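As structure tokens, the structure follows; a few thoughts come after it.
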Amino acid sequence: MSETFTGVVAIDGPSGSGKSTVAKAVATRLGLRYLDTGAMYRAVCAAAMYDGIDLHDEAATAAYAQQLELFTPTDPADQTVIANGRDVTAEIRTTRVSENVSAVATNLAVRAELIARQQAIVAGGAIVLEGRDTTTVVAPYADVRLLITADPEARIARRTAELHDTVDQETLTMTTAQIVVRDEKDSTVVDFQSASDGVHEIDTTNLTLEQTIDTALHLVWHAPTSKQQQQRGN
Ligand code: DC
């Protein structure tokens with residue numbers, strides 16, 4: 001009989017570290033649910049802009065997020081996001097949303113609302129959740145907590161290829177600016193750049209995607225869980 005893992009895996013990491021791809025692959029291989037918490041911030045941003053909310057009005061944006069009917073998918077093979085009955089799956093990946101989402105993600109009242117919704121989903125167990133505060137705030141008691149990192153140059157090259165199909169000097173410069181600015185903005189509310197106690201770091205700078213997924217799966221099966229580490233007093 002093959003073993004099954006039914007716990008909670010939380011994965012953090014900066015833009016372009018490959019955390020989404022790794023998280024989705026780990027969920028698929030282990031037959032777990034998958035939660036992309038960043039997609040929730042993006043969905044609030046897309047829906048609020050659609051409804052003409054001024055994202056710099058913190059109270060209005062928070063009130064909007066609190067009443068937003070958000071369908072957050074947990075099937076790794078179907079990541080259709082619905083906000084107030086509207087399919088926003090494509091919209092949440094647009095440059096417009098990428099450029100405006102920090103205003104939503106740095107709104108503490110919006111964070112409180114989305115974190116509560118994320119925790120309700122995670123309470124069902126058997127899930128891989130991914131996003132910048134998942135190992136520290138959303139699911140600090142996850143069975144396995146991973147931080148996926150890569151040197152800035154590697155992250156920028158990957159994100160550039162993802163966004164533009166080619167990696168030339170102009171697209172590199174543009175993406176560098178976007179990534180550096182966004183990391184700086186996001187760092188004001190969440191420290192996602194360094195591993196906290198009990199979080200296993202995977203530096204993917206010199207790893208292929210397949211090697212990264214294998215390393216993550218190995219850690220899921222063999223790394224001491226957060227609970228075991230606490231029992232040992234780590
Ligand atoms: O991972 P992403 O690029 O899809 O995230 C979108 C935005 O939301 C980005 O500004 C980071 C932020 N975010 C966050 O603050 N906390 C999370 N758990 C996930 C994403």
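Labels used: A, B, ... for chains in the order of the structure tokens, numbers from 1 for residues in each chain, and numbers from 1 for ligands as shown.
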What parts of chain A does DSSP call alpha helix (DSSP H)? I'd like the answer as a ChimeraX atom specification. /A:19-30,37-50,58-67,95-105,108-122,152-164,169-187,209-222,226-231
Spatial neighbours of region 152-160 of chain A, 12 Å, only C-alpha atoms, chain gap at least 6 places, as a PyMOL selection string: chain A and resi 13-19+21+166-180+183+193+203-209
Around ligand 1, out to 9 Å and counting only C-alpha atoms and all ligand atoms, which residues are there? I want them as a PyMOL selection string. chain A and resi 12-16+19-20+36-42+92-93+97-106+111+114-115+118+129-134+137-138+182-183+185-187+189-190
Asp51 (chain A) proximity check over A:Leu219, A:Ala123, A:Tyr64, A:His200, using only C-alpha atoms: winner is A:Tyr64
Restricting the calculation to only C-alpha atoms, which member of A:Ala139, A:Met49, A:Ala223, A:Val122 is positioned closest to Thr72 (chain A)?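 Selected residue with least distance to Thr72 (chain A): A:Val122.
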Residue neighbourhood Thr80 (chain A), 10 Å, only C-alpha atoms, exclusion window fewer than 6 positions, as a list in words: Phe71, Thr72, Pro73, Thr74, Asp87, Val88, Thr89 and Ala90 of chain A
Resulting file, chosen residues, C-alpha atoms, as a PDB file, in the first residue's frame:
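And here's again_3.pdb as it stands now:
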ATOM      1  CA  PHE A  71     -14.754  31.748  -5.421  1.00  0.00           C
ATOM      2  CA  THR A  72     -11.204  30.580  -4.793  1.00  0.00           C
ATOM      3  CA  PRO A  73     -10.364  27.344  -6.570  1.00  0.00           C
ATOM      4  CA  THR A  74      -8.442  24.566  -4.820  1.00  0.00           C
ATOM      5  CA  ASP A  87     -14.733  35.035 -14.275  1.00  0.00           C
ATOM      6  CA  VAL A  88     -11.554  37.025 -13.546  1.00  0.00           C
ATOM      7  CA  THR A  89      -9.042  34.232 -14.265  1.00  0.00           C
ATOM      8  CA  ALA A  90      -7.353  36.039 -17.172  1.00  0.00           C
TER       9      ALA A  90
END
Which residues come within 8 Å of Ala142 (chain A), counting only C-alpha atoms, excluding same-chain residues fewer than 5 positions away, as a list in words? Gly7, Val8, Val9, Ala10, Thr135 and Ser226 of chain A
DSSP-assigned strand (DSSP E) among region 79-125 of chain A, expressed as an NGL selection string: :A and (82-83 or 86-87)
To one decimal in Å, tell me the separation between CA of Gly125 (chain A) and CA of Ala63 (chain A). 29.0 Å
Polymer residues at most 10 Å from Asn107 (chain A), only C-alpha atoms, same-chain spacing of 6 or more positions, as a list of chain:residue names: A:Leu55, A:His56, A:Asp57, A:Glu58, A:Ala59, A:Thr61, A:Ala62, A:Val189
At a cut-off of 12 Å, using only C-alpha atoms, what residues contact Ala25 (chain A)? Leave out same-chain residues fewer than 6 positions from it and give the result as a list in words.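 Once the adjacent positions are removed, what remains is Gly18, Lys19, Gly31, Leu32, Arg33, Tyr34, Asp75, Pro76, Ala77, Val128, Leu129, Glu130, Leu209, Glu210, Gln211, Thr212, Ile213, Asp214, Thr215, Ala216 and Leu217 of chain A.
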Would you please work out which residue, of A:Thr6, A:Leu70, A:Glu113, A:Val144, is nearest to His222 (chain A) when using only C-alpha atoms?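 For His222 (chain A), the nearest of the given residues is A:Val144.
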Which is closer to Ala47 (chain A) than all the others in A:Thr149, A:Thr4, A:Thr28, A:Gln67, using only C-alpha atoms?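 For Ala47 (chain A), the nearest of the given residues is A:Gln67.
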Between CA of Ile82 (chain A) and CA of Glu69 (chain A), what is the spacing in Å?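 CA of Ile82 (chain A) lies at a distance of 8.1 Å from CA of Glu69 (chain A).
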For Val44 (chain A), which of A:Leu147, A:Ala83, A:Leu30, A:Ala23 is the closest residue, counting only C-alpha atoms?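 Going through A:Leu147, A:Ala83, A:Leu30, A:Ala23 one by one, the smallest distance to Val44 (chain A) is for A:Ala83.
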Using Å and a single decimal, report how far CA of Cys45 (chain A) sits from CA of Asn84 (chain A).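 Separating CA of Asn84 (chain A) from CA of Cys45 (chain A) is a distance of 12.6 Å.
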Which residue of A:Ala43, A:Leu68, A:Gly198, A:Ala150 approaches Val81 (chain A) most closely, using only C-alpha atoms: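 Using only C-alpha atoms, the shortest distance to Val81 (chain A) belongs to A:Ala43.
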